[in-house]
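A.B. asks: After the structure tokens below, expect a handful of questions from me.
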Amino acid sequence: RMAANKILGKDYDVVVAEDGEEGWKMLLNDSSIHVVFTDLMMPVLDGLGLLERIRRSDDPGIQNLPVIMVTGADNSEELREDALKKGATDFLPKPFNSIELQARARAHCTYQREALALKKQITIDALTGLSNQVAFIEQLGKDLAFAHRHRQSVAIVMADIPDFKSFFMQ
């Protein structure tokens, strides 16, 4: 952890967790995290457990994060295969070198930024600058999941504005 933080800390805002459980809490509370590097072997919640939580998350922002599994020489092929089946994005063997770590961080961060930019393009109406139906349905899904988790009620109001486009055409 400390070596990775030292290597990546110059170019990235790195957050470090002691174990998978703490890492999970950080993911839930920090939407600016774009890539997860996790060791397969950790106390409290191991890398596979963290990976499963990420892939099963109700939040698509968490669910689609790249997860790079850091593996030691003692990690078996079966363990690595299991990680791939559960959705691991990449592997980084220990001991890792700084160039390899930086290359993976750069590649996955760049991919995440580009994917978010593309998503924004397809979810924003070019004429109005407002969210379109795709974005509305995605947000509705998040809000319903949140309400369900916190046992809250939800109300939806629909308004139909006649000649809506005339507000934006000049």
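Each chain in the structure tokens gets a letter, A, B, ..., in the order shown, and its residues are numbered from 1; ligands are numbered from 1 in order too.
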Please identify every residue of range 64-149 of chain A that has at least one atom no farther than 7 Å from an atom of range 36-39 of chain A, counting only C-alpha atoms, and for each give the shortest atom pair and the distance in Å to one decimal, arranged by chain then increasing number, as a Markdown table.
C.D. replies:
```
| residue | atom | partner | partner_atom | distance |
| --- | --- | --- | --- | --- |
| A:Pro66 | CA | A:Val36 | CA | 6.2 |
| A:Val67 | CA | A:Val36 | CA | 4.8 |
| A:Ile68 | CA | A:Phe37 | CA | 4.8 |
| A:Met69 | CA | A:Thr38 | CA | 5.1 |
| A:Val70 | CA | A:Asp39 | CA | 4.5 |
| A:Thr71 | CA | A:Asp39 | CA | 6.2 |
```
A.B. asks: Fewer than 4 positions away in the same chain doesn't count, so skip those; otherwise give me all residues within 10 Å of Ala105 in chain A, counting only C-alpha atoms, as a list in words.
C.D. replies: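 Surrounding residues, per the criterion: Leu8, Asp11, Tyr12, His34, Val35, Val36, Phe37, Pro66, Ile68, Ile99, Glu100, Leu101, Cys109, Thr110 and Tyr111 of chain A.
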A.B. asks: So which residues of chain A fall under strand (DSSP E) by DSSP, listed as a list in words?
C.D. replies: Val36, Phe37, Thr38, Asp39, Val67, Ile68, Met69, Val70, Thr71, Asp90, Phe91, Leu92 and Pro93 of chain A
A.B. asks: How far is it from CA of Ala83 in chain A to CA of Asn29 in chain A, in Å with one decimal?
C.D. replies: 24.4 Å
A.B. asks: Tell me, as number ranges by chain, which residues lie within 8 Å of Ile54 in chain A, counting only C-alpha atoms; anything in the same chain fewer than 6 positions away does not count.
C.D. replies: A: 24, 62-65
A.B. asks: Given only C-alpha atoms as the basis, pick out the residue of A:Ala17, A:His148, A:Thr89, A:Ile137 nearest to Thr123 in chain A.
C.D. replies: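 Checking each candidate against Thr123 in chain A, we get A:Ile137 as the closest.
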A.B. asks: For Asp58 in chain A, list every protein, DNA or RNA residue within 10 Å, evaluated using only C-alpha atoms, and leave out those in the same chain fewer than 6 positions away; present the list as a list in words.
C.D. replies: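 My list of contacting residues is Gly141, Lys142, Ala145, Phe146 and Arg149 of chain A.
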A.B. asks: Which residue out of A:Met2, A:Val15, A:Leu79, A:Val134 has the minimum interatomic distance to Phe91 in chain A when only C-alpha atoms are used?
C.D. replies: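 Comparing A:Met2, A:Val15, A:Leu79, A:Val134 against Phe91 in chain A, the winner is A:Leu79.
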A.B. asks: So that I can see what lies close to Gly61 in chain A, please list as a list in words the residues with an atom at most 10 Å from it, counting only C-alpha atoms and leaving out residues fewer than 6 positions away in the same chain.
C.D. replies: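 In the requested form, the answer reads Leu27, Leu28, Ser31, Ser32, Ile33, His34, Ile54 and Leu116 of chain A.
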A.B. asks: Could you tell me which of A:Ala3, A:Ala107, A:Phe136, A:Gly47 comes closest to Glu22 in chain A if we count only C-alpha atoms?
C.D. replies: A:Gly47
A.B. asks: Which residues of range 8-42 of chain A sit at most 8 Å from range 50-53 of chain A, using only C-alpha atoms? Give each one's shortest atom pair and distance in Å (one decimal place), in chain and ascending residue order, as CSV.
C.D. replies:
```
residue,atom,partner,partner_atom,distance
A:Gly20,CA,A:Leu50,CA,5.6
A:Glu21,CA,A:Leu50,CA,7.4
A:Gly23,CA,A:Leu50,CA,7.9
A:Trp24,CA,A:Leu50,CA,6.7
```
A.B. asks: Enter the distance from CA of Leu118 in chain A to CA of Gln139 in chain A, in Å, rounded to one decimal.
C.D. replies: 16.8 Å
A.B. asks: Find the distance between CA of His108 in chain A and CA of Asp125 in chain A and write it in Å to one decimal.
C.D. replies: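 Answer for the CA of His108 in chain A to CA of Asp125 in chain A separation: 27.7 Å.
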A.B. asks: Would you please extract all helix (DSSP H, G or I) residues from chain A, as assigned by DSSP on the backbone, and give them as a ChimeraX atom specification?
C.D. replies: /A:2-8,20-29,47-55,60-63,77-85,98-123,133-149,164-167
